[in-house]
>>> print(open('my_file_18.cif').read())   # mmCIF, C-alpha atoms
data_model
loop_
_atom_site.label_atom_id
_atom_site.label_comp_id
_atom_site.auth_asym_id
_atom_site.auth_seq_id
_atom_site.Cartn_x
_atom_site.Cartn_y
_atom_site.Cartn_z
CA MET A 1 77.61 101.18 84.44
CA PRO A 2 79.29 103.84 86.58
CA SER A 3 81.73 106.03 84.65
CA LEU A 4 84.73 108.03 85.84
CA LYS A 5 83.01 111.07 84.33
CA ASP A 6 80.13 110.79 86.80
CA PRO A 7 80.38 113.21 89.73
CA THR A 8 78.87 110.67 92.12
CA TRP A 9 78.51 106.93 92.39
CA SER A 10 76.19 104.96 94.60
CA PRO A 11 77.79 104.49 98.05
CA TYR A 12 76.87 100.81 97.75
CA PHE A 13 78.87 100.34 94.54
CA ALA A 14 81.84 102.23 96.05
CA GLY A 15 81.59 100.15 99.23
CA VAL A 16 81.66 96.87 97.31
CA LEU A 17 84.76 98.04 95.37
CA ILE A 18 86.59 98.91 98.60
CA GLY A 19 85.56 95.66 100.28
CA LEU A 20 86.84 93.62 97.32
CA LEU A 21 90.30 95.14 97.87
CA GLN A 22 90.61 92.77 100.85
CA ILE A 23 91.10 89.91 98.38
CA PRO A 24 94.46 91.07 96.94
CA ALA A 25 95.51 92.33 100.40
CA PHE A 26 94.98 88.90 101.98
CA LEU A 27 96.08 86.75 99.02
CA LEU A 28 99.12 88.69 97.81
CA LEU A 29 100.36 90.42 100.97
CA ASN A 30 98.97 88.26 103.76
CA THR A 31 97.58 91.39 105.43
CA ALA A 32 94.28 93.29 105.64
CA LEU A 33 93.35 96.78 104.46
CA GLY A 34 94.51 99.55 106.76
CA THR A 35 95.92 103.06 106.49
CA SER A 36 96.99 104.44 109.87
CA SER A 37 100.18 102.46 110.43
CA SER A 38 101.57 104.07 107.25
CA TYR A 39 101.73 107.31 109.28
CA VAL A 40 104.15 105.55 111.63
CA THR A 41 106.22 104.26 108.70
CA VAL A 42 106.53 107.74 107.14
CA GLY A 43 106.73 109.60 110.48
CA ALA A 44 109.40 107.29 111.91
CA SER A 45 111.36 107.46 108.63
CA LEU A 46 111.36 111.27 108.91
CA ALA A 47 112.26 111.09 112.62
CA ASP A 48 115.08 108.70 111.68
CA LEU A 49 116.72 111.51 109.67
CA ALA A 50 116.95 113.76 112.72
CA ASP A 51 117.20 111.11 115.43
CA PRO A 52 118.63 107.72 114.33
CA ALA A 53 118.03 106.50 117.91
CA VAL A 54 114.33 106.18 116.99
CA ARG A 55 115.28 102.79 115.49
CA THR A 56 115.99 101.49 118.98
CA ILE A 57 112.26 101.76 119.78
CA PRO A 58 110.88 98.33 118.80
CA TYR A 59 107.56 99.88 117.70
CA ALA A 60 109.38 102.19 115.25
CA ALA A 61 111.66 99.40 114.03
CA LYS A 62 108.63 97.21 113.35
CA HIS A 63 107.15 99.88 111.06
CA LEU A 64 110.23 101.21 109.30
CA ASP A 65 111.11 98.53 106.75
CA GLY A 66 109.58 95.76 104.74
CA ALA A 67 107.17 95.21 101.88
CA THR A 68 103.95 95.32 103.92
CA ASN A 69 104.78 98.66 105.58
CA TRP A 70 105.67 100.34 102.30
CA TRP A 71 102.71 98.70 100.55
CA GLN A 72 100.47 100.57 102.98
CA VAL A 73 102.29 103.88 102.38
CA ALA A 74 101.79 103.31 98.64
CA LEU A 75 98.12 102.47 99.26
CA VAL A 76 97.60 105.87 100.92
CA GLY A 77 99.54 107.58 98.12
CA GLY A 78 97.39 105.70 95.60
CA ILE A 79 94.24 106.98 97.33
CA ALA A 80 95.43 110.54 96.64
CA LEU A 81 96.21 109.69 92.99
CA GLY A 82 92.85 107.93 92.51
CA ALA A 83 90.95 110.88 93.97
CA LEU A 84 92.99 113.28 91.82
CA ALA A 85 92.22 111.33 88.62
CA SER A 86 88.57 110.86 89.57
CA SER A 87 88.02 114.55 90.36
CA LEU A 88 89.82 115.67 87.18
CA ARG A 89 87.77 113.30 85.00
CA SER A 90 84.44 114.45 86.44
CA GLY A 91 85.31 118.15 86.72
CA MET A 92 84.84 117.98 90.50
CA ARG A 93 88.18 119.51 91.54
CA ARG A 94 88.12 121.12 95.00
CA ARG A 95 89.83 124.37 95.97
CA GLY A 96 90.81 125.84 99.31
CA VAL A 97 88.66 124.67 102.18
CA SER A 98 85.26 122.95 102.09
CA PRO A 99 82.43 125.51 102.52
CA VAL A 100 81.11 123.27 105.26
CA TRP A 101 83.76 124.58 107.68
CA ALA A 102 82.53 128.18 107.63
CA ARG A 103 79.19 126.84 108.79
CA ALA A 104 80.47 124.20 111.22
CA LEU A 105 83.06 126.45 112.89
CA GLY A 106 81.28 129.82 112.56
CA THR A 107 84.36 131.46 111.06
CA ASN A 108 85.80 131.95 107.58
CA SER A 109 89.35 132.14 108.90
CA ARG A 110 91.72 129.92 106.90
CA LEU A 111 94.25 130.08 109.70
CA ALA A 112 91.74 128.78 112.25
CA ARG A 113 90.80 125.89 109.95
CA PHE A 114 94.43 124.99 109.22
CA ALA A 115 95.29 125.03 112.93
CA LEU A 116 92.26 122.90 113.78
CA ALA A 117 93.08 120.47 110.94
CA PHE A 118 96.62 120.01 112.29
CA ALA A 119 95.40 119.46 115.85
CA ALA A 120 92.65 117.10 114.66
CA GLY A 121 95.12 115.10 112.57
CA PHE A 122 97.36 114.77 115.64
CA VAL A 123 94.53 113.52 117.88
CA MET A 124 93.22 111.25 115.11
CA LEU A 125 96.51 109.41 114.61
CA LEU A 126 97.32 109.36 118.32
CA GLY A 127 93.97 107.67 118.90
CA ALA A 128 94.35 105.33 115.93
CA ARG A 129 97.76 104.17 117.12
CA ILE A 130 96.59 103.71 120.72
CA ALA A 131 93.67 101.60 119.46
CA ASP A 132 96.01 99.89 116.95
CA GLY A 133 93.81 100.72 113.96
CA CYS A 134 91.58 103.28 112.27
CA THR A 135 88.39 103.35 110.26
CA SER A 136 89.99 100.95 107.76
CA GLY A 137 92.08 98.68 109.96
CA HIS A 138 89.49 98.29 112.72
CA GLY A 139 86.37 99.39 110.87
CA LEU A 140 86.67 97.36 107.68
CA SER A 141 89.29 94.71 108.35
CA GLY A 142 88.85 94.13 112.08
CA ILE A 143 85.07 93.76 111.90
CA ALA A 144 85.48 91.53 108.82
CA GLN A 145 87.71 89.23 110.90
CA LEU A 146 85.24 89.33 113.81
CA ALA A 147 87.96 90.74 116.08
CA VAL A 148 86.64 91.61 119.53
CA ALA A 149 89.04 94.61 119.67
CA SER A 150 87.34 96.12 116.62
CA PHE A 151 83.84 95.60 117.98
CA ILE A 152 84.99 97.78 120.92
CA ALA A 153 87.08 100.34 119.00
CA VAL A 154 84.57 101.10 116.22
CA PRO A 155 81.60 101.96 118.50
CA ALA A 156 84.05 104.02 120.63
CA MET A 157 85.11 105.89 117.49
CA PHE A 158 81.55 106.70 116.49
CA ALA A 159 80.73 107.69 120.09
CA GLY A 160 83.69 110.09 120.23
CA GLY A 161 82.94 111.44 116.76
CA ILE A 162 79.21 111.93 117.33
CA ALA A 163 79.71 113.57 120.75
CA THR A 164 82.28 115.97 119.28
CA ALA A 165 80.10 116.80 116.27
CA LEU A 166 77.02 117.50 118.37
CA LEU A 167 78.75 119.39 121.19
CA LEU A 168 81.50 121.37 119.43
CA LEU A 169 80.36 121.95 115.86
CA ARG A 170 77.42 123.85 114.42
CA CYS A 171 74.95 122.03 112.16
CA VAL A 172 76.36 121.55 108.67
CA MET B 1 107.13 90.03 97.64
CA SER B 2 109.80 92.65 96.93
CA VAL B 3 109.29 96.17 98.28
CA PHE B 4 109.13 97.51 94.72
CA LEU B 5 106.31 95.15 93.69
CA ALA B 6 104.52 95.81 96.96
CA ILE B 7 104.62 99.55 96.27
CA LEU B 8 103.25 99.07 92.74
CA LEU B 9 100.45 96.90 94.09
CA GLY B 10 99.74 99.45 96.84
CA LEU B 11 99.50 102.29 94.32
CA ALA B 12 97.11 100.29 92.13
CA MET B 13 94.89 99.22 95.03
CA GLY B 14 95.03 102.73 96.49
CA ALA B 15 93.91 104.22 93.16
CA VAL B 16 90.77 102.06 93.25
CA PHE B 17 90.22 103.04 96.90
CA GLY B 18 90.70 106.73 96.05
CA VAL B 19 88.31 106.67 93.11
CA ALA B 20 85.68 104.93 95.27
CA LEU B 21 86.10 107.51 98.08
CA GLU B 22 85.90 110.45 95.65
CA LYS B 23 82.93 109.13 93.67
CA SER B 24 80.94 108.15 96.75
CA ARG B 25 81.65 111.68 98.14
CA VAL B 26 82.54 110.03 101.46
CA PHE B 27 85.89 111.88 101.40
CA GLU B 28 84.00 115.22 101.72
CA PRO B 29 84.38 116.87 105.15
CA GLY B 30 80.72 117.85 104.89
CA VAL B 31 79.66 114.21 104.46
CA ILE B 32 81.83 112.99 107.36
CA VAL B 33 80.79 115.77 109.76
CA GLY B 34 77.18 115.36 108.55
CA GLN B 35 77.36 111.66 109.41
CA MET B 36 78.67 112.41 112.89
CA GLN B 37 75.79 114.90 113.33
CA LEU B 38 73.41 112.15 112.15
CA ARG B 39 72.15 114.40 109.34
CA ASN B 40 73.75 112.54 106.43
CA PHE B 41 74.14 108.78 106.12
CA LEU B 42 76.31 108.42 102.99
CA MET B 43 79.36 107.51 105.06
CA LEU B 44 77.56 104.80 107.03
CA LYS B 45 76.06 103.36 103.81
CA MET B 46 79.44 103.15 102.09
CA PHE B 47 81.22 101.95 105.24
CA LEU B 48 78.74 99.19 106.11
CA THR B 49 78.67 98.03 102.47
CA ALA B 50 82.47 97.79 102.51
CA VAL B 51 82.31 95.91 105.84
CA ALA B 52 79.71 93.46 104.49
CA THR B 53 81.76 92.89 101.31
CA SER B 54 84.91 92.42 103.40
CA LEU B 55 83.06 89.87 105.58
CA VAL B 56 82.01 87.85 102.52
CA ALA B 57 85.52 88.08 101.00
CA VAL B 58 87.28 87.02 104.21
CA ALA B 59 84.70 84.30 104.91
CA ALA B 60 85.33 82.81 101.46
CA LEU B 61 89.13 83.10 101.57
CA HIS B 62 89.35 81.75 105.11
CA GLY B 63 86.57 79.20 104.65
CA PHE B 64 88.39 77.60 101.72
CA GLY B 65 91.61 77.59 103.74
CA LEU B 66 93.40 80.06 101.47
CA VAL B 67 94.40 82.63 104.08
CA ALA B 68 95.04 83.02 107.81
CA LEU B 69 93.29 85.71 109.85
CA HIS B 70 95.14 88.64 111.44
CA PRO B 71 92.80 89.90 114.16
CA LYS B 72 94.17 92.76 116.26
CA PRO B 73 94.85 92.05 119.94
CA THR B 74 92.11 92.99 122.37
CA MET B 75 93.24 95.86 124.65
CA TYR B 76 90.12 97.03 126.45
CA LEU B 77 91.43 100.38 127.75
CA ALA B 78 93.30 101.21 124.56
CA ASP B 79 90.44 100.17 122.27
CA VAL B 80 87.98 102.41 124.12
CA SER B 81 90.27 105.42 124.71
CA GLY B 82 92.07 105.20 121.37
CA GLY B 83 88.83 104.65 119.48
CA GLY B 84 87.26 107.63 121.26
CA LEU B 85 90.21 109.92 120.49
CA LEU B 86 90.19 108.71 116.89
CA GLY B 87 86.51 109.70 116.63
CA VAL B 88 87.17 113.18 118.07
CA GLY B 89 89.94 113.63 115.51
CA VAL B 90 87.85 112.30 112.62
CA THR B 91 85.07 114.81 113.32
CA LEU B 92 87.34 117.85 113.77
CA ALA B 93 89.48 116.86 110.77
CA GLY B 94 86.41 115.98 108.70
CA ALA B 95 88.49 113.02 107.58
CA CYS B 96 89.88 109.68 108.66
CA PRO B 97 93.48 108.57 108.12
CA GLY B 98 92.65 107.22 104.65
CA THR B 99 90.27 109.93 103.40
CA VAL B 100 92.86 112.64 104.20
CA ALA B 101 94.75 111.40 101.15
CA ALA B 102 91.60 111.56 99.00
CA GLN B 103 91.03 115.16 100.16
CA ILE B 104 94.58 116.08 99.18
CA GLY B 105 94.11 114.41 95.79
CA ALA B 106 90.80 116.16 95.18
CA GLY B 107 92.35 119.54 96.03
CA TYR B 108 91.42 120.51 99.61
CA ARG B 109 94.22 122.61 101.13
CA ASP B 110 93.49 122.01 104.81
CA ALA B 111 93.98 118.27 104.32
CA TRP B 112 97.75 118.91 104.07
CA PHE B 113 97.62 120.20 107.66
CA THR B 114 95.58 117.17 108.75
CA LEU B 115 98.26 114.96 107.18
CA LEU B 116 101.09 116.84 108.92
CA GLY B 117 99.25 116.69 112.24
CA GLY B 118 98.69 112.97 111.68
CA LEU B 119 102.39 112.34 111.04
CA ALA B 120 103.24 114.34 114.19
CA GLY B 121 100.68 112.33 116.17
CA ALA B 122 102.14 109.04 114.88
CA VAL B 123 105.68 110.13 115.80
CA ALA B 124 104.54 111.31 119.25
CA PHE B 125 102.88 107.93 119.82
CA THR B 126 106.02 106.10 118.65
CA TYR B 127 108.16 107.87 121.25
CA ALA B 128 105.49 107.38 123.95
CA GLU B 129 104.80 103.74 123.09
CA PRO B 130 107.39 102.14 125.43
CA VAL B 131 105.84 104.07 128.35
CA LEU B 132 102.23 103.42 127.30
CA ARG B 133 102.75 99.71 126.58
CA PRO B 134 102.62 98.39 130.17
CA VAL B 135 99.81 100.68 131.40
CA LEU B 136 97.49 101.11 128.41
CA LEU B 137 98.40 98.76 125.58
CA THR B 138 97.73 95.50 127.36
CA GLY B 139 94.97 92.94 127.25
CA PRO B 140 94.10 89.30 126.76
CA GLY B 141 95.48 89.15 123.20
CA ALA B 142 93.68 88.43 119.93
CA MET B 143 90.10 87.27 120.36
CA THR B 144 87.49 86.68 117.68
CA LEU B 145 83.73 86.44 118.09
CA ASP B 146 83.42 83.08 116.32
CA LEU B 147 85.62 81.41 118.94
CA LEU B 148 83.80 83.17 121.79
CA VAL B 149 80.36 81.99 120.66
CA GLY B 150 81.52 78.69 119.17
CA ILE B 151 80.19 79.14 115.62
CA PRO B 152 82.45 78.44 112.58
CA PHE B 153 84.04 81.67 111.33
CA TRP B 154 82.52 81.56 107.86
CA GLN B 155 79.00 81.01 109.19
CA LEU B 156 79.14 83.91 111.64
CA ALA B 157 80.84 86.19 109.07
CA LEU B 158 78.22 85.46 106.39
CA GLY B 159 75.44 85.83 108.96
CA LEU B 160 76.73 89.25 110.01
CA ALA B 161 77.09 90.27 106.34
CA ALA B 162 73.45 89.26 105.74
CA LEU B 163 72.36 91.27 108.80
CA LEU B 164 74.27 94.33 107.52
CA ALA B 165 72.62 93.91 104.10
CA VAL B 166 69.19 94.04 105.76
CA VAL B 167 70.21 97.13 107.80
CA LEU B 168 71.42 98.81 104.59
CA MET B 169 68.18 98.02 102.75
CA ILE B 170 66.14 99.54 105.58
CA LEU B 171 68.46 102.58 105.69
CA GLU B 172 68.17 103.09 101.92
CA TYR B 173 64.39 102.68 102.04
CA ARG B 174 64.11 105.36 104.73
CA ARG B 175 66.83 107.69 103.39
CA PRO B 176 67.62 107.25 99.66
CA TRP B 177 71.28 108.03 98.88
CA ARG B 178 70.55 110.15 95.80
CA GLY B 179 70.81 113.85 96.60
CA GLU B 180 72.18 113.18 100.05
CA ALA B 181 75.50 114.85 99.18
CA GLY B 182 73.75 118.14 98.32
CA ALA B 183 73.72 120.27 95.16
CA ALA B 184 77.51 120.69 94.99
CA ALA B 185 78.12 117.08 96.15
CA ASP B 186 80.11 118.39 99.12
CA GLY B 187 77.71 117.49 101.91
CA LEU B 188 76.58 121.10 102.36
CA LEU B 189 72.82 120.95 102.71
CA PRO B 190 70.35 123.85 102.59
CA GLU B 191 70.46 125.69 105.91
CA PRO B 192 67.40 125.15 108.09
CA LEU B 193 67.24 128.89 108.90
CA PRO B 194 69.27 131.36 106.85
CA ARG B 195 71.04 133.69 109.24
CA PRO B 196 74.44 135.38 109.29
CA VAL B 197 77.19 133.24 110.74
CA PRO B 198 78.57 135.00 113.82
CA ALA B 199 82.31 135.38 114.19
CA GLY B 200 84.19 133.28 116.67
CA GLY B 201 85.92 129.93 116.95
CA LEU B 202 84.35 126.68 118.01
CA ALA B 203 80.86 127.50 119.14
CA ALA B 204 78.05 125.66 120.78
CA ARG B 205 75.60 123.80 118.61
CA ARG B 206 73.15 126.13 116.94
CA THR B 207 69.74 125.94 118.49
CA VAL B 208 67.07 126.20 115.82
#
>>> encode(input="my_file_18.cif", output="structure tokens")
Amino acid sequence: MPSLKDPTWSPYFAGVLIGLLQIPAFLLLNTALGTSSSYVTVGASLADLADPAVRTIPYAAKHLDGATNWWQVALVGGIALGALASSLRSGMRRRGVSPVWARALGTNSRLARFALAFAAGFVMLLGARIADGCTSGHGLSGIAQLAVASFIAVPAMFAGGIATALLLLRCV
Amino acid sequence: MSVFLAILLGLAMGAVFGVALEKSRVFEPGVIVGQMQLRNFLMLKMFLTAVATSLVAVAALHGFGLVALHPKPTMYLADVSGGGLLGVGVTLAGACPGTVAAQIGAGYRDAWFTLLGGLAGAVAFTYAEPVLRPVLLTGPGAMTLDLLVGIPFWQLALGLAALLAVVLMILEYRRPWRGEAGAAADGLLPEPLPRPVPAGGLAARRTV
């Protein structure tokens, strides 16, 4: 039986656990697993502080309030708490930046990595919102509902990701 | 459900999600970039297992009439361009929108910048959405494969789950998952040729 003290679990066991989370999502919240629209909920709430006119954009208004929107924000917060607890229990805490970046980028510069992380996060969420879903919303939930949109978006995601990794990054 | 209960439920479900991402090592930038370089298949194994499990769960819930489906609308241009951009971002971030949170929880500092960039990207999209809607975010509406091919949802979903299970068994037979994360479980594998890393920003792929 896998224990929280283990540094690694089988990806198959972890995958089954994540897939089973669809059951409470569908039964209790009438929604499917997803993470990227929570960025709109939090981002639009922050924008609302500086620019209350953001509420006049129907897309922002749709994401600002309600149980399902804040459930997803809590889900993403819970992911951080779960990873924190898991890494503490197994002694696998991480510090700074993954050593993989020095190899992939060819530089040890923290500043370069932080700048790239910000830019990558921007492109990632811009893309996820254009496609109306991310690795969870399209990848897990969309495919599981046999949505045609997801059978287009997920191969496009892997194509973009693989092309970028092979053309721009060094071998990790 | 009240917002308060929904938040409690979200935190509990997220905690399970976070533990699974941390233990499977799929939150590691090295594992995600390694997957995109087709050198490491932990991410695909975990992802396809979660997809297959989701298919079985949704097939059962929908098949017994317990839940309605919520397929996303088909928007050909947006699905291709948005999906492509998402993939570019996932590789350069070494994370996806959910695993960013796991990286923050596990202690990676750069993940905070990925999160900030993601919030900025979501806000930028929100302001651009009214302009993008008529040109990019349009399409024939929600479509599902079962209706296109005329097979009951639960049959096609279980069939696809069975196909994924076979793919996973072949993948595991050819590339066992144990040890795939590397000695420090961070996806950093022994270098093919030890040589000093030259200075400079993004560089072309190393030719070995």
>>> closest_residue(input="my_file_18.cif", among="A:Val40, A:Ile162, A:Leu4, A:Leu105", to="Ala128 of chain A", atoms="all atoms listed in the file")
A:Val40
>>> atom_distance(input="my_file_18.cif", atom1="atom CA of Gly179 of chain B", atom2="atom CA of Arg93 of chain A")
19.0 Å
>>> atom_distance(input="my_file_18.cif", atom1="atom CA of Val88 of chain B", atom2="atom CA of Thr164 of chain A")
5.8 Å
>>> resolve_selection(input="my_file_18.cif", expression="the PyMOL selection byres ((chain A and resi 55) around 12)", output="number ranges by chain")
A: 41, 44-54, 56-65; B: 126-127
>>> residues_around(input="my_file_18.cif", residues="Leu86 of chain B", least_positions_apart="6", cutoff="6 Å", atoms="only C-alpha atoms", output="PDB file with C-alpha atoms, keeping the file's coordinate frame")
ATOM      1  CA  MET A 124      93.220 111.250 115.110  1.00  0.00           C
ATOM      2  CA  GLY A 127      93.970 107.670 118.900  1.00  0.00           C
ATOM      3  CA  ALA A 128      94.350 105.330 115.930  1.00  0.00           C
ATOM      4  CA  MET A 157      85.110 105.890 117.490  1.00  0.00           C
TER       5      MET A 157
END
>>> closest_residue(input="my_file_18.cif", among="B:Gly34, B:Met13, B:Val58, B:Ala20", to="Trp154 of chain B", atoms="all atoms listed in the file")
B:Val58
>>> closest_residue(input="my_file_18.cif", among="A:Met1, A:Ala115, A:Ala144, A:Val73", to="chain B", atoms="all atoms listed in the file")
A:Ala144
>>> atom_distance(input="my_file_18.cif", atom1="atom CA of Ala153 of chain A", atom2="atom CA of Gly14 of chain B")
24.0 Å
>>> closest_residue(input="my_file_18.cif", among="A:Ile143, A:Gly161, A:Asp6, A:Arg89", to="chain B", atoms="all atoms listed in the file")
A:Gly161
>>> residues_near_point(input="my_file_18.cif", point="(79.9, 115.3, 113.7)", cutoff="10 Å", atoms="all atoms listed in the file", output="PyMOL selection string")
(chain A and resi 104+158-172) or (chain B and resi 29-40+87-88+90-92+94)
>>> resolve_selection(input="my_file_18.cif", expression="the PyMOL selection byres ((chain A and resi 75-81) around 6)", output="list in words")
Gln72, Val73, Ala74, Gly82, Ala83 and Leu84 of chain A; Gly10, Leu11, Gly14, Ala15, Phe17, Gly18, Ala101, Ala102 and Gly105 of chain B
>>> resolve_selection(input="my_file_18.cif", expression="the PyMOL selection byres ((chain B and resi 4) around 12)", output="list in words")
Gly66, Ala67, Thr68, Asn69, Trp70, Trp71 and Ala74 of chain A; Met1, Ser2, Val3, Leu5, Ala6, Ile7, Leu8, Leu9, Gly10 and Leu11 of chain B
>>> write_last_selection(input="my_file_18.cif", atoms="C-alpha atoms", output="short mmCIF file (atom, residue, chain, number, x, y, z; two decimals), keeping the file's coordinate frame")
data_model
loop_
_atom_site.label_atom_id
_atom_site.label_comp_id
_atom_site.auth_asym_id
_atom_site.auth_seq_id
_atom_site.Cartn_x
_atom_site.Cartn_y
_atom_site.Cartn_z
CA GLY A 66 109.58 95.76 104.74
CA ALA A 67 107.17 95.21 101.88
CA THR A 68 103.95 95.32 103.92
CA ASN A 69 104.78 98.66 105.58
CA TRP A 70 105.67 100.34 102.30
CA TRP A 71 102.71 98.70 100.55
CA ALA A 74 101.79 103.31 98.64
CA MET B 1 107.13 90.03 97.64
CA SER B 2 109.80 92.65 96.93
CA VAL B 3 109.29 96.17 98.28
CA LEU B 5 106.31 95.15 93.69
CA ALA B 6 104.52 95.81 96.96
CA ILE B 7 104.62 99.55 96.27
CA LEU B 8 103.25 99.07 92.74
CA LEU B 9 100.45 96.90 94.09
CA GLY B 10 99.74 99.45 96.84
CA LEU B 11 99.50 102.29 94.32
#
>>> closest_residue(input="my_file_18.cif", among="A:Ala119, A:Ile152, A:Leu33, A:Leu27", to="Gly98 of chain B", atoms="all atoms listed in the file")
A:Leu33
>>> closest_residue(input="my_file_18.cif", among="A:Ala14, A:Ile23, A:Val100, A:Leu88", to="Ala184 of chain B", atoms="only C-alpha atoms")
A:Val100
>>> decode(input="my_file_18.cif", residues="segment 76-116 of chain A", atoms="C-alpha atoms", output="PDB file, in the first residue's frame")
ATOM      1  CA  VAL A  76      -5.855  24.693  -6.998  1.00  0.00           C
ATOM      2  CA  GLY A  77      -5.060  25.912  -3.471  1.00  0.00           C
ATOM      3  CA  GLY A  78      -5.616  22.358  -2.221  1.00  0.00           C
ATOM      4  CA  ILE A  79      -3.138  21.052  -4.815  1.00  0.00           C
ATOM      5  CA  ALA A  80      -0.472  23.301  -3.258  1.00  0.00           C
ATOM      6  CA  LEU A  81      -1.383  22.118   0.270  1.00  0.00           C
ATOM      7  CA  GLY A  82      -1.395  18.451  -0.787  1.00  0.00           C
ATOM      8  CA  ALA A  83       2.020  18.784  -2.445  1.00  0.00           C
ATOM      9  CA  LEU A  84       3.338  20.637   0.619  1.00  0.00           C
ATOM     10  CA  ALA A  85       2.139  17.899   2.998  1.00  0.00           C
ATOM     11  CA  SER A  86       3.330  15.122   0.700  1.00  0.00           C
ATOM     12  CA  SER A  87       6.814  16.604   0.259  1.00  0.00           C
ATOM     13  CA  LEU A  88       7.170  17.296   3.998  1.00  0.00           C
ATOM     14  CA  ARG A  89       6.119  13.748   4.920  1.00  0.00           C
ATOM     15  CA  SER A  90       8.575  12.124   2.506  1.00  0.00           C
ATOM     16  CA  GLY A  91      11.450  14.558   3.062  1.00  0.00           C
ATOM     17  CA  MET A  92      11.303  15.597  -0.601  1.00  0.00           C
ATOM     18  CA  ARG A  93      11.079  19.372  -0.101  1.00  0.00           C
ATOM     19  CA  ARG A  94      12.342  21.393  -3.076  1.00  0.00           C
ATOM     20  CA  ARG A  95      14.395  24.582  -2.892  1.00  0.00           C
ATOM     21  CA  GLY A  96      15.072  27.329  -5.401  1.00  0.00           C
ATOM     22  CA  VAL A  97      14.851  26.212  -8.987  1.00  0.00           C
ATOM     23  CA  SER A  98      14.879  22.674 -10.408  1.00  0.00           C
ATOM     24  CA  PRO A  99      18.416  21.687 -11.525  1.00  0.00           C
ATOM     25  CA  VAL A 100      16.873  20.711 -14.827  1.00  0.00           C
ATOM     26  CA  TRP A 101      16.688  24.382 -15.887  1.00  0.00           C
ATOM     27  CA  ALA A 102      20.459  24.947 -15.822  1.00  0.00           C
ATOM     28  CA  ARG A 103      20.712  22.119 -18.308  1.00  0.00           C
ATOM     29  CA  ALA A 104      17.656  22.951 -20.417  1.00  0.00           C
ATOM     30  CA  LEU A 105      18.381  26.688 -20.673  1.00  0.00           C
ATOM     31  CA  GLY A 106      22.197  26.598 -20.586  1.00  0.00           C
ATOM     32  CA  THR A 107      22.347  29.214 -17.839  1.00  0.00           C
ATOM     33  CA  ASN A 108      22.321  29.221 -14.043  1.00  0.00           C
ATOM     34  CA  SER A 109      20.795  32.696 -13.899  1.00  0.00           C
ATOM     35  CA  ARG A 110      17.858  32.842 -11.474  1.00  0.00           C
ATOM     36  CA  LEU A 111      16.694  36.062 -13.068  1.00  0.00           C
ATOM     37  CA  ALA A 112      16.538  34.467 -16.526  1.00  0.00           C
ATOM     38  CA  ARG A 113      14.522  31.540 -15.154  1.00  0.00           C
ATOM     39  CA  PHE A 114      12.119  33.786 -13.241  1.00  0.00           C
ATOM     40  CA  ALA A 115      11.546  35.960 -16.321  1.00  0.00           C
ATOM     41  CA  LEU A 116      10.984  32.913 -18.517  1.00  0.00           C
TER      42      LEU A 116
END
